[in-house]
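Peer 1: Structure file run_25.pdb (PDB, C-alpha atoms) right here:
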```pdb
ATOM      1  CA  MET A   1     -37.637  92.624  16.930  1.00  0.00           C
ATOM      2  CA  ILE A   2     -33.949  93.465  17.297  1.00  0.00           C
ATOM      3  CA  GLN A   3     -33.725  91.232  20.355  1.00  0.00           C
ATOM      4  CA  ASN A   4     -35.098  88.305  18.373  1.00  0.00           C
ATOM      5  CA  VAL A   5     -32.295  88.489  15.823  1.00  0.00           C
ATOM      6  CA  ARG A   6     -29.887  86.816  18.214  1.00  0.00           C
ATOM      7  CA  GLU A   7     -29.865  85.065  21.533  1.00  0.00           C
ATOM      8  CA  PRO A   8     -27.808  86.891  24.185  1.00  0.00           C
ATOM      9  CA  GLY A   9     -24.126  86.152  23.950  1.00  0.00           C
ATOM     10  CA  THR A  10     -24.156  84.794  20.414  1.00  0.00           C
ATOM     11  CA  THR A  11     -23.028  86.014  17.029  1.00  0.00           C
ATOM     12  CA  GLY A  12     -23.301  84.644  13.530  1.00  0.00           C
ATOM     13  CA  GLY A  13     -27.067  84.392  13.929  1.00  0.00           C
ATOM     14  CA  ILE A  14     -29.712  85.084  11.280  1.00  0.00           C
ATOM     15  CA  ALA A  15     -33.241  85.886  12.411  1.00  0.00           C
ATOM     16  CA  ASP A  16     -34.981  83.375  10.139  1.00  0.00           C
ATOM     17  CA  PRO A  17     -33.503  79.861  10.544  1.00  0.00           C
ATOM     18  CA  ALA A  18     -34.666  78.938   7.040  1.00  0.00           C
ATOM     19  CA  MET A  19     -32.822  81.888   5.517  1.00  0.00           C
ATOM     20  CA  ALA A  20     -29.756  80.885   7.507  1.00  0.00           C
ATOM     21  CA  ALA A  21     -29.547  77.545   5.713  1.00  0.00           C
ATOM     22  CA  GLU A  22     -28.138  79.071   2.524  1.00  0.00           C
ATOM     23  CA  TRP A  23     -25.292  80.768   4.351  1.00  0.00           C
ATOM     24  CA  GLN A  24     -24.565  77.665   6.426  1.00  0.00           C
ATOM     25  CA  ALA A  25     -24.445  75.511   3.293  1.00  0.00           C
ATOM     26  CA  LEU A  26     -21.810  77.823   1.817  1.00  0.00           C
ATOM     27  CA  ARG A  27     -19.768  77.796   5.018  1.00  0.00           C
ATOM     28  CA  GLU A  28     -19.847  74.004   5.130  1.00  0.00           C
ATOM     29  CA  SER A  29     -18.708  73.785   1.526  1.00  0.00           C
ATOM     30  CA  LEU A  30     -15.729  76.007   2.424  1.00  0.00           C
ATOM     31  CA  GLU A  31     -14.982  73.824   5.476  1.00  0.00           C
ATOM     32  CA  LEU A  32     -15.196  76.770   7.859  1.00  0.00           C
ATOM     33  CA  GLY A  33     -15.348  76.052  11.575  1.00  0.00           C
ATOM     34  CA  ASP A  34     -17.960  77.328  14.018  1.00  0.00           C
ATOM     35  CA  GLN A  35     -15.413  79.778  15.445  1.00  0.00           C
ATOM     36  CA  ASP A  36     -14.452  81.279  12.084  1.00  0.00           C
ATOM     37  CA  ARG A  37     -16.034  84.631  11.297  1.00  0.00           C
ATOM     38  CA  LEU A  38     -15.340  87.116   8.506  1.00  0.00           C
ATOM     39  CA  TYR A  39     -17.106  90.424   9.097  1.00  0.00           C
ATOM     40  CA  PHE A  40     -17.500  93.367   6.724  1.00  0.00           C
ATOM     41  CA  PHE A  41     -18.474  96.438   8.745  1.00  0.00           C
ATOM     42  CA  VAL A  42     -20.330  98.827   6.455  1.00  0.00           C
ATOM     43  CA  SER A  43     -22.827 101.665   6.540  1.00  0.00           C
ATOM     44  CA  PHE A  44     -25.510 102.762   4.132  1.00  0.00           C
ATOM     45  CA  SER A  45     -23.888 106.166   4.193  1.00  0.00           C
ATOM     46  CA  MET A  46     -21.188 104.563   2.011  1.00  0.00           C
ATOM     47  CA  PRO A  47     -21.587 104.640  -1.791  1.00  0.00           C
ATOM     48  CA  GLU A  48     -23.997 101.912  -2.869  1.00  0.00           C
ATOM     49  CA  SER A  49     -21.481 100.612  -5.413  1.00  0.00           C
ATOM     50  CA  LEU A  50     -18.965 100.035  -2.609  1.00  0.00           C
ATOM     51  CA  ILE A  51     -21.501  98.265  -0.390  1.00  0.00           C
ATOM     52  CA  ARG A  52     -22.247  95.951  -3.297  1.00  0.00           C
ATOM     53  CA  ALA A  53     -18.557  95.223  -3.788  1.00  0.00           C
ATOM     54  CA  TYR A  54     -18.238  94.106  -0.180  1.00  0.00           C
ATOM     55  CA  ALA A  55     -21.488  92.144  -0.395  1.00  0.00           C
ATOM     56  CA  LEU A  56     -19.976  90.240  -3.307  1.00  0.00           C
ATOM     57  CA  ASP A  57     -16.764  89.533  -1.373  1.00  0.00           C
ATOM     58  CA  ALA A  58     -18.803  88.367   1.610  1.00  0.00           C
ATOM     59  CA  ALA A  59     -20.975  86.120  -0.531  1.00  0.00           C
ATOM     60  CA  ARG A  60     -17.975  84.499  -2.194  1.00  0.00           C
ATOM     61  CA  ALA A  61     -16.128  83.836   1.054  1.00  0.00           C
ATOM     62  CA  GLY A  62     -18.886  83.009   3.543  1.00  0.00           C
ATOM     63  CA  GLY A  63     -18.644  86.381   5.273  1.00  0.00           C
ATOM     64  CA  GLU A  64     -21.246  88.687   6.798  1.00  0.00           C
ATOM     65  CA  LEU A  65     -22.118  92.354   6.352  1.00  0.00           C
ATOM     66  CA  VAL A  66     -22.541  94.157   9.673  1.00  0.00           C
ATOM     67  CA  LEU A  67     -24.407  97.422  10.250  1.00  0.00           C
ATOM     68  CA  ARG A  68     -24.490  99.418  13.467  1.00  0.00           C
ATOM     69  CA  GLY A  69     -28.189 100.231  13.033  1.00  0.00           C
ATOM     70  CA  VAL A  70     -30.940 101.227  10.638  1.00  0.00           C
ATOM     71  CA  GLU A  71     -31.009 104.599   8.946  1.00  0.00           C
ATOM     72  CA  PRO A  72     -32.628 107.443  10.925  1.00  0.00           C
ATOM     73  CA  GLY A  73     -36.343 107.760  10.315  1.00  0.00           C
ATOM     74  CA  LYS A  74     -36.859 104.127   9.244  1.00  0.00           C
ATOM     75  CA  ASN A  75     -38.106 101.141  11.185  1.00  0.00           C
ATOM     76  CA  LEU A  76     -36.456  97.760  10.798  1.00  0.00           C
ATOM     77  CA  ARG A  77     -38.995  96.353   8.330  1.00  0.00           C
ATOM     78  CA  ASP A  78     -38.934  99.368   6.030  1.00  0.00           C
ATOM     79  CA  PHE A  79     -35.152  99.513   6.152  1.00  0.00           C
ATOM     80  CA  ALA A  80     -34.878  95.830   5.178  1.00  0.00           C
ATOM     81  CA  MET A  81     -37.624  95.712   2.568  1.00  0.00           C
ATOM     82  CA  GLU A  82     -36.904  99.077   0.967  1.00  0.00           C
ATOM     83  CA  ARG A  83     -33.398 100.395   1.526  1.00  0.00           C
ATOM     84  CA  VAL A  84     -31.514  97.089   1.719  1.00  0.00           C
ATOM     85  CA  LEU A  85     -33.330  95.555  -1.233  1.00  0.00           C
ATOM     86  CA  GLU A  86     -32.885  98.762  -3.212  1.00  0.00           C
ATOM     87  CA  VAL A  87     -29.112  98.530  -2.867  1.00  0.00           C
ATOM     88  CA  LEU A  88     -28.602  94.770  -3.017  1.00  0.00           C
ATOM     89  CA  GLN A  89     -31.219  93.766  -5.561  1.00  0.00           C
ATOM     90  CA  PRO A  90     -31.628  92.365  -8.184  1.00  0.00           C
ATOM     91  CA  GLY A  91     -30.306  88.881  -7.648  1.00  0.00           C
ATOM     92  CA  GLY A  92     -31.469  88.338  -4.098  1.00  0.00           C
ATOM     93  CA  MET A  93     -29.509  88.600  -0.909  1.00  0.00           C
ATOM     94  CA  THR A  94     -26.096  87.226  -1.748  1.00  0.00           C
ATOM     95  CA  ALA A  95     -24.692  87.516   1.787  1.00  0.00           C
ATOM     96  CA  PRO A  96     -26.272  87.771   5.242  1.00  0.00           C
ATOM     97  CA  ILE A  97     -26.643  91.218   6.778  1.00  0.00           C
ATOM     98  CA  GLN A  98     -26.620  91.725  10.521  1.00  0.00           C
ATOM     99  CA  ILE A  99     -27.667  94.778  12.498  1.00  0.00           C
ATOM    100  CA  ASP A 100     -25.558  94.413  15.615  1.00  0.00           C
ATOM    101  CA  PRO A 101     -23.868  97.371  17.342  1.00  0.00           C
ATOM    102  CA  ARG A 102     -22.293  94.929  19.826  1.00  0.00           C
ATOM    103  CA  LEU A 103     -19.901  93.717  17.149  1.00  0.00           C
ATOM    104  CA  PHE A 104     -18.653  97.262  16.610  1.00  0.00           C
ATOM    105  CA  ASP A 105     -17.748  97.352  20.313  1.00  0.00           C
ATOM    106  CA  ALA A 106     -16.339  93.819  20.394  1.00  0.00           C
ATOM    107  CA  TYR A 107     -13.907  94.513  17.558  1.00  0.00           C
ATOM    108  CA  ALA A 108     -13.278  98.193  18.314  1.00  0.00           C
ATOM    109  CA  VAL A 109     -14.638  99.345  14.947  1.00  0.00           C
ATOM    110  CA  ASP A 110     -14.960 103.122  14.789  1.00  0.00           C
ATOM    111  CA  ALA A 111     -14.950 103.651  11.016  1.00  0.00           C
ATOM    112  CA  VAL A 112     -16.298 101.928   7.927  1.00  0.00           C
ATOM    113  CA  PRO A 113     -15.500 100.033   5.860  1.00  0.00           C
ATOM    114  CA  THR A 114     -13.580  97.677   8.148  1.00  0.00           C
ATOM    115  CA  ILE A 115     -12.869  93.983   7.609  1.00  0.00           C
ATOM    116  CA  VAL A 116     -12.438  91.687  10.612  1.00  0.00           C
ATOM    117  CA  LEU A 117     -11.339  88.058  10.639  1.00  0.00           C
ATOM    118  CA  ALA A 118     -12.101  86.445  13.998  1.00  0.00           C
ATOM    119  CA  ARG A 119     -11.822  83.231  15.951  1.00  0.00           C
ATOM    120  CA  GLU A 120     -14.808  83.596  18.248  1.00  0.00           C
ATOM    121  CA  ASP A 121     -15.743  81.643  21.323  1.00  0.00           C
ATOM    122  CA  ILE A 122     -18.438  79.194  20.185  1.00  0.00           C
ATOM    123  CA  ARG A 123     -20.727  80.906  22.696  1.00  0.00           C
ATOM    124  CA  GLY A 124     -20.284  84.172  20.815  1.00  0.00           C
ATOM    125  CA  VAL A 125     -19.179  87.606  21.947  1.00  0.00           C
ATOM    126  CA  CYS A 126     -20.452  89.907  24.666  1.00  0.00           C
ATOM    127  CA  LEU A 127     -20.587  87.214  27.322  1.00  0.00           C
ATOM    128  CA  GLN A 128     -20.059  89.858  30.014  1.00  0.00           C
ATOM    129  CA  PRO A 129     -21.688  93.072  28.734  1.00  0.00           C
ATOM    130  CA  GLU A 130     -20.935  96.443  30.286  1.00  0.00           C
ATOM    131  CA  ALA A 131     -23.548  99.078  31.146  1.00  0.00           C
ATOM    132  CA  ARG A 132     -23.001 102.325  29.209  1.00  0.00           C
ATOM    133  CA  ASP A 133     -24.889 105.484  28.314  1.00  0.00           C
ATOM    134  CA  GLY A 134     -25.190 106.781  24.762  1.00  0.00           C
ATOM    135  CA  LEU A 135     -26.637 109.875  23.103  1.00  0.00           C
ATOM    136  CA  TYR A 136     -29.004 109.537  20.138  1.00  0.00           C
ATOM    137  CA  ALA A 137     -31.333 112.214  18.706  1.00  0.00           C
ATOM    138  CA  ASN A 138     -30.513 114.437  21.695  1.00  0.00           C
ATOM    139  CA  ARG A 139     -31.680 111.756  24.129  1.00  0.00           C
ATOM    140  CA  THR A 140     -29.545 109.673  26.482  1.00  0.00           C
ATOM    141  CA  PHE A 141     -30.092 105.926  26.503  1.00  0.00           C
ATOM    142  CA  SER A 142     -28.637 103.245  28.762  1.00  0.00           C
ATOM    143  CA  TYR A 143     -27.555 100.077  27.004  1.00  0.00           C
ATOM    144  CA  GLN A 144     -25.467  96.952  27.427  1.00  0.00           C
ATOM    145  CA  ALA A 145     -22.199  97.315  25.500  1.00  0.00           C
ATOM    146  CA  CYS A 146     -19.632  94.678  24.690  1.00  0.00           C
ATOM    147  CA  PRO A 147     -16.074  94.862  25.965  1.00  0.00           C
ATOM    148  CA  GLU A 148     -13.415  94.493  23.283  1.00  0.00           C
ATOM    149  CA  GLU A 149     -12.445  90.941  22.387  1.00  0.00           C
ATOM    150  CA  ASP A 150      -8.932  89.662  23.031  1.00  0.00           C
ATOM    151  CA  PRO A 151      -6.777  91.365  20.336  1.00  0.00           C
ATOM    152  CA  ASP A 152      -5.053  88.019  19.736  1.00  0.00           C
ATOM    153  CA  SER A 153      -8.384  86.479  18.663  1.00  0.00           C
ATOM    154  CA  TYR A 154      -9.012  88.705  15.652  1.00  0.00           C
ATOM    155  CA  TRP A 155      -7.350  90.623  12.826  1.00  0.00           C
ATOM    156  CA  LYS A 156      -8.626  93.914  11.442  1.00  0.00           C
ATOM    157  CA  ALA A 157      -8.139  96.062   8.344  1.00  0.00           C
ATOM    158  CA  GLN A 158      -9.667  99.521   8.200  1.00  0.00           C
ATOM    159  CA  GLY A 159     -10.282 101.312   4.920  1.00  0.00           C
ATOM    160  CA  SER A 160     -11.534 100.375   1.478  1.00  0.00           C
ATOM    161  CA  VAL A 161      -9.170  97.492   0.741  1.00  0.00           C
ATOM    162  CA  THR A 162     -10.377  94.309  -0.916  1.00  0.00           C
ATOM    163  CA  ALA A 163     -11.173  91.261   1.179  1.00  0.00           C
ATOM    164  CA  LEU A 164      -8.413  89.269  -0.491  1.00  0.00           C
ATOM    165  CA  TYR A 165      -5.822  91.939   0.271  1.00  0.00           C
ATOM    166  CA  ALA A 166      -6.947  92.100   3.916  1.00  0.00           C
ATOM    167  CA  LEU A 167      -6.934  88.328   4.318  1.00  0.00           C
ATOM    168  CA  GLU A 168      -3.479  87.948   2.810  1.00  0.00           C
ATOM    169  CA  GLU A 169      -2.238  90.550   5.278  1.00  0.00           C
ATOM    170  CA  PHE A 170      -3.938  88.671   8.120  1.00  0.00           C
ATOM    171  CA  GLN A 171      -2.265  85.482   6.917  1.00  0.00           C
ATOM    172  CA  LYS A 172       1.148  87.173   7.047  1.00  0.00           C
ATOM    173  CA  ARG A 173       0.389  88.273  10.592  1.00  0.00           C
ATOM    174  CA  GLY A 174      -0.298  84.690  11.641  1.00  0.00           C
ATOM    175  CA  ALA A 175      -4.077  84.320  11.289  1.00  0.00           C
ATOM    176  CA  PRO A 176      -4.604  80.535  11.276  1.00  0.00           C
ATOM    177  CA  ASN A 177      -8.058  80.658   9.687  1.00  0.00           C
ATOM    178  CA  ALA A 178      -7.367  82.917   6.692  1.00  0.00           C
ATOM    179  CA  ASP A 179      -6.544  80.107   4.245  1.00  0.00           C
ATOM    180  CA  ALA A 180     -10.086  78.893   3.536  1.00  0.00           C
ATOM    181  CA  TYR A 181     -11.356  82.409   2.883  1.00  0.00           C
ATOM    182  CA  ILE A 182      -8.401  83.202   0.625  1.00  0.00           C
ATOM    183  CA  ALA A 183      -8.925  80.008  -1.371  1.00  0.00           C
ATOM    184  CA  ALA A 184     -12.632  80.793  -1.810  1.00  0.00           C
ATOM    185  CA  LEU A 185     -11.945  84.299  -3.107  1.00  0.00           C
ATOM    186  CA  ARG A 186      -9.157  83.207  -5.447  1.00  0.00           C
ATOM    187  CA  SER A 187     -11.366  80.478  -6.909  1.00  0.00           C
ATOM    188  CA  GLU A 188     -13.849  83.212  -7.829  1.00  0.00           C
ATOM    189  CA  GLY A 189     -11.182  85.299  -9.540  1.00  0.00           C
ATOM    190  CA  ALA A 190     -10.901  87.935  -6.817  1.00  0.00           C
ATOM    191  CA  GLU A 191      -7.825  90.156  -6.839  1.00  0.00           C
ATOM    192  CA  ALA A 192      -5.931  91.696  -3.934  1.00  0.00           C
ATOM    193  CA  SER A 193      -5.844  95.479  -3.993  1.00  0.00           C
ATOM    194  CA  THR A 194      -5.438  98.344  -1.550  1.00  0.00           C
ATOM    195  CA  GLU A 195      -8.482  99.979  -3.153  1.00  0.00           C
ATOM    196  CA  GLN A 196     -11.810  98.171  -3.460  1.00  0.00           C
ATOM    197  CA  ALA A 197     -13.239  98.783  -6.919  1.00  0.00           C
ATOM    198  CA  ALA A 198     -16.850  99.909  -7.014  1.00  0.00           C
ATOM    199  CA  ILE A 199     -19.419  97.754  -8.784  1.00  0.00           C
ATOM    200  CA  SER A 200     -21.651  99.368 -11.381  1.00  0.00           C
ATOM    201  CA  ASP A 201     -25.381  98.688 -11.466  1.00  0.00           C
ATOM    202  CA  ALA A 202     -25.078  96.604 -14.646  1.00  0.00           C
ATOM    203  CA  HIS A 203     -22.166  94.538 -13.326  1.00  0.00           C
ATOM    204  CA  TRP A 204     -23.917  93.982 -10.015  1.00  0.00           C
ATOM    205  CA  GLU A 205     -27.088  92.781 -11.733  1.00  0.00           C
ATOM    206  CA  SER A 206     -25.051  90.224 -13.663  1.00  0.00           C
ATOM    207  CA  VAL A 207     -22.862  88.847 -10.868  1.00  0.00           C
ATOM    208  CA  ALA A 208     -25.515  88.984  -8.121  1.00  0.00           C
ATOM    209  CA  SER A 209     -28.087  87.115 -10.191  1.00  0.00           C
ATOM    210  CA  GLU A 210     -25.543  84.476 -11.137  1.00  0.00           C
ATOM    211  CA  LEU A 211     -24.353  84.063  -7.558  1.00  0.00           C
ATOM    212  CA  ALA A 212     -27.879  83.874  -6.136  1.00  0.00           C
ATOM    213  CA  GLU A 213     -28.812  81.164  -8.640  1.00  0.00           C
ATOM    214  CA  ARG A 214     -25.667  79.201  -7.837  1.00  0.00           C
ATOM    215  CA  ASN A 215     -26.428  79.384  -4.144  1.00  0.00           C
ATOM    216  CA  ALA A 216     -30.014  78.291  -4.805  1.00  0.00           C
ATOM    217  CA  GLU A 217     -28.766  75.311  -6.820  1.00  0.00           C
ATOM    218  CA  ARG A 218     -26.460  74.344  -3.956  1.00  0.00           C
ATOM    219  CA  LEU A 219     -29.476  74.349  -1.662  1.00  0.00           C
ATOM    220  CA  ARG A 220     -31.611  72.322  -4.060  1.00  0.00           C
ATOM    221  CA  GLU A 221     -28.941  69.641  -4.201  1.00  0.00           C
ATOM    222  CA  ARG A 222     -28.572  69.614  -0.432  1.00  0.00           C
ATOM    223  CA  TYR A 223     -32.299  69.279   0.296  1.00  0.00           C
ATOM    224  CA  SER A 224     -33.318  67.077  -2.631  1.00  0.00           C
ATOM    225  CA  GLY A 225     -35.418  64.142  -1.455  1.00  0.00           C
ATOM    226  CA  THR A 226     -36.098  65.658   1.974  1.00  0.00           C
ATOM    227  CA  ALA A 227     -39.169  67.227   3.545  1.00  0.00           C
ATOM    228  CA  GLN A 228     -37.624  70.659   2.951  1.00  0.00           C
ATOM    229  CA  GLU A 229     -38.088  72.824  -0.133  1.00  0.00           C
ATOM    230  CA  VAL A 230     -36.083  75.735  -1.572  1.00  0.00           C
ATOM    231  CA  TYR A 231     -38.213  78.838  -2.149  1.00  0.00           C
ATOM    232  CA  ASP A 232     -37.413  81.923  -4.192  1.00  0.00           C
ATOM    233  CA  THR A 233     -38.130  85.077  -2.182  1.00  0.00           C
ATOM    234  CA  PRO A 234     -37.376  88.793  -2.562  1.00  0.00           C
ATOM    235  CA  LEU A 235     -34.568  88.206  -0.048  1.00  0.00           C
ATOM    236  CA  GLY A 236     -33.063  85.371  -2.082  1.00  0.00           C
ATOM    237  CA  PRO A 237     -33.452  81.583  -1.850  1.00  0.00           C
ATOM    238  CA  ALA A 238     -34.762  80.269   1.465  1.00  0.00           C
ATOM    239  CA  VAL A 239     -35.425  76.802   2.869  1.00  0.00           C
ATOM    240  CA  GLY A 240     -38.618  75.696   4.583  1.00  0.00           C
ATOM    241  CA  PRO A 241     -41.139  72.842   4.845  1.00  0.00           C
ATOM    242  CA  ALA A 242     -42.308  71.647   1.435  1.00  0.00           C
ATOM    243  CA  GLY A 243     -45.599  72.888   0.051  1.00  0.00           C
ATOM    244  CA  GLN A 244     -45.786  76.157   1.976  1.00  0.00           C
ATOM    245  CA  GLU A 245     -47.572  79.250   0.659  1.00  0.00           C
ATOM    246  CA  ILE A 246     -45.180  82.154   1.161  1.00  0.00           C
ATOM    247  CA  ASP A 247     -46.495  84.866  -1.151  1.00  0.00           C
ATOM    248  CA  HIS A 248     -48.405  86.546   1.694  1.00  0.00           C
ATOM    249  CA  LEU A 249     -45.133  87.201   3.525  1.00  0.00           C
ATOM    250  CA  TRP A 250     -44.165  89.856   0.980  1.00  0.00           C
ATOM    251  CA  GLU A 251     -47.525  91.556   0.532  1.00  0.00           C
ATOM    252  CA  GLU A 252     -47.882  95.147   1.708  1.00  0.00           C
TER
END
```
Any chance you could put this one into C-alpha cells?
Peer 2:
Amino acid sequence: MIQNVREPGTTGGIADPAMAAEWQALRESLELGDQDRLYFFVSFSMPESLIRAYALDAARAGGELVLRGVEPGKNLRDFAMERVLEVLQPGGMTAPIQIDPRLFDAYAVDAVPTIVLAREDIRGVCLQPEARDGLYANRTFSYQACPEEDPDSYWKAQGSVTALYALEEFQKRGAPNADAYIAALRSEGAEASTEQAAISDAHWESVASELAERNAERLRERYSGTAQEVYDTPLGPAVGPAGQEIDHLWEE
C-alpha cells in the first residue's frame, strides 16, 4: 500500500488521483509551478492543536503535511481513518498528508516541526537512492534511503515558527518561489511569528469547516458542466466520475 502512494522517484503525489484534484486546483489558483513544494514535517507525537495549526497553514498556501510513518501498533488504514481523522476533523481534510520517510532524508529533517520550501526536479527526489540499514522494534531492516538534495535547492526552518515567518525568512535568503506562498497566507490574514499559536478545538471546527467548503466550491466551479462530480467524503471533497455510489468506501 505504501508503495502505491507514489511512483519511484516522485514527490507531491497523492494516492487517490480524485482526491488530488482539490489540492491541484488550489495550487493552480496560486500560480505555483510544478517544481514548487512547501512541506510541513510533523509528527502525531506533537500536540494535536499544533498539528492543526500547521494543517491550516498548509491548506491556505498549497502546502503538504509530511509524516515519517504511522504510529506504532497501527496499520495504514486504521491510522488514516481513525487517528488522522480524529485530529483533523471536523471539516474534512484541508491539506494533503503524505507518509514519506524519503523526504526526511532528502531535506535532512531530524526534528519536527520543520518547514521546507523547495524547488524540486520535476522528476521528484530520490532519483538515486542509497541502500541503508535501520533499526525498528529491535529488528534491522534494509531500505532504500534518499541522499540529501542540493542545499541550494531548498530552504528550511526548524522549530515551531509560523509558515509566514519561515517564508519571509526564506525570501530574505533569496528563495525565488516564496512570493506566491507569502501572498496566499497574507490574503488569509496569517501573521508572522516565531511561535506558532495552537488552535483550539472550537476554533479548528470553525476554520476547517469554512475552508473545506470553500475548497469544495472551487472544485464545483472547476468541474461544472463536465463528466466529473464533486463528492463529500469523510476525507473532504473529492472528484470522480458523475453518478458514482461511494458510501460503501467508508463502511466498516
Peer 1: Would you kindly translate the PyMOL selection byres ((chain A and resi 148) around 12) into the concrete residues it picks from this file, as a ChimeraX atom specification?
Peer 2: /A:102-109,125-130,145-147,149-154
Peer 1: For the structure shown, which residues end up in the PyMOL selection byres ((chain A and resi 194) around 8)? Put them as a list of chain:residue names, please?
Peer 2: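 For this structure, the PyMOL selection byres ((chain A and resi 194) around 8) captures A:Ser160, A:Val161, A:Thr162, A:Tyr165, A:Ala192, A:Ser193, A:Glu195, A:Gln196.
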Peer 1: Work out how far atom CA of A:Leu135 is from atom CA of A:Gly69, in Å to one decimal.
Peer 2: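 Separating atom CA of A:Gly69 from atom CA of A:Leu135 is a distance of 14.0 Å.
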Peer 1: Find, counting all atoms listed in the file, the residue in A:Leu38, A:Ala183, A:Ala61, A:Leu56 that gets nearest to A:Thr114.
Peer 2: A:Leu38
Peer 1: Work out how far atom CA of A:Asn75 is from atom CA of A:Gly62, in Å to one decimal.
Peer 2: 27.5 Å
Peer 1: Could you state the separation of atom CA of A:Arg186 and atom CA of A:Leu164 in Å, given to one decimal place?
Peer 2: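 Answer for the atom CA of A:Arg186 to atom CA of A:Leu164 separation: 7.9 Å.
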Peer 1: For stretch 239-246 of chain A, work out the shell of residues within 6 Å, counting all atoms listed in the file and skipping chain neighbours fewer than 4 positions away, then give it as a list in words.
Peer 2: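 The neighbour list is Ala18, Ala227, Gln228, Glu229 and Val230 of chain A.
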Peer 1: Kindly save the residues from that selection, with C-alpha atoms included, as a PDB file, in the coordinates of the input.
Peer 2:
```
ATOM      1  CA  ALA A  18     -34.666  78.938   7.040  1.00  0.00           C
ATOM      2  CA  ALA A 227     -39.169  67.227   3.545  1.00  0.00           C
ATOM      3  CA  GLN A 228     -37.624  70.659   2.951  1.00  0.00           C
ATOM      4  CA  GLU A 229     -38.088  72.824  -0.133  1.00  0.00           C
ATOM      5  CA  VAL A 230     -36.083  75.735  -1.572  1.00  0.00           C
TER       6      VAL A 230
END
```
Peer 1: For stretch 127-144 of chain A, take all atoms listed in the file, fit an axis-aligned box around them, add 3 Å to each of the six sides, then output centre and edge lengths in Å rounded to one decimal, as AutoDock Vina command-line options.
Peer 2:
```
--center_x -25.9 --center_y 100.8 --center_z 24.9 --size_x 17.6 --size_y 33.2 --size_z 18.4
```
Peer 1: For the PyMOL selection byres ((chain A and resi 188) around 12), applied here, can you spell out every residue it catches as a PDB file with C-alpha atoms, keeping the file's coordinate frame?
Peer 2:
```pdb
ATOM      1  CA  LEU A  56     -19.976  90.240  -3.307  1.00  0.00           C
ATOM      2  CA  ASP A  57     -16.764  89.533  -1.373  1.00  0.00           C
ATOM      3  CA  ALA A  58     -18.803  88.367   1.610  1.00  0.00           C
ATOM      4  CA  ALA A  59     -20.975  86.120  -0.531  1.00  0.00           C
ATOM      5  CA  ARG A  60     -17.975  84.499  -2.194  1.00  0.00           C
ATOM      6  CA  ALA A  61     -16.128  83.836   1.054  1.00  0.00           C
ATOM      7  CA  LEU A 164      -8.413  89.269  -0.491  1.00  0.00           C
ATOM      8  CA  TYR A 181     -11.356  82.409   2.883  1.00  0.00           C
ATOM      9  CA  ILE A 182      -8.401  83.202   0.625  1.00  0.00           C
ATOM     10  CA  ALA A 183      -8.925  80.008  -1.371  1.00  0.00           C
ATOM     11  CA  ALA A 184     -12.632  80.793  -1.810  1.00  0.00           C
ATOM     12  CA  LEU A 185     -11.945  84.299  -3.107  1.00  0.00           C
ATOM     13  CA  ARG A 186      -9.157  83.207  -5.447  1.00  0.00           C
ATOM     14  CA  SER A 187     -11.366  80.478  -6.909  1.00  0.00           C
ATOM     15  CA  GLY A 189     -11.182  85.299  -9.540  1.00  0.00           C
ATOM     16  CA  ALA A 190     -10.901  87.935  -6.817  1.00  0.00           C
ATOM     17  CA  GLU A 191      -7.825  90.156  -6.839  1.00  0.00           C
ATOM     18  CA  VAL A 207     -22.862  88.847 -10.868  1.00  0.00           C
ATOM     19  CA  LEU A 211     -24.353  84.063  -7.558  1.00  0.00           C
TER      20      LEU A 211
END
```
Peer 1: Which is closest to A:Phe40 among A:Ala175, A:Gly159, A:Arg27, A:Phe141, if we use only C-alpha atoms?
Peer 2: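 Of the candidates, the smallest distance to A:Phe40 is held by A:Gly159.
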Peer 1: Pick from A:Phe170, A:Tyr223, A:Tyr54, A:Trp204: nearest to A:Val112, with all atoms listed in the file counted?
Peer 2: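 Ranking A:Phe170, A:Tyr223, A:Tyr54, A:Trp204 by distance to A:Val112, first place goes to A:Tyr54.
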Peer 1: Show me the residues around (-32.0, 106.0, 11.3) - criterion: an atom at most 12 Å away, all atoms listed in the file counted - as a VMD selection string.
Peer 2: chain A and resid 43 to 45 67 to 76 78 to 79 83 136 to 137
Peer 1: Measuring between all atoms listed in the file, which one of A:Ser224, A:Leu88, A:Glu205, A:Val116 shows the shortest distance to A:Glu169?
Peer 2: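 Going through A:Ser224, A:Leu88, A:Glu205, A:Val116 one by one, the smallest distance to A:Glu169 is for A:Val116.
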Peer 1: Step by step: start from the point (-20.6, 98.9, -5.5) in the file's coordinates, keep every protein, DNA or RNA residue that has an atom no farther than 8 Å from it, count all atoms listed in the file, and write the set as a ChimeraX atom specification.
Peer 2: /A:47-54,197-201,204
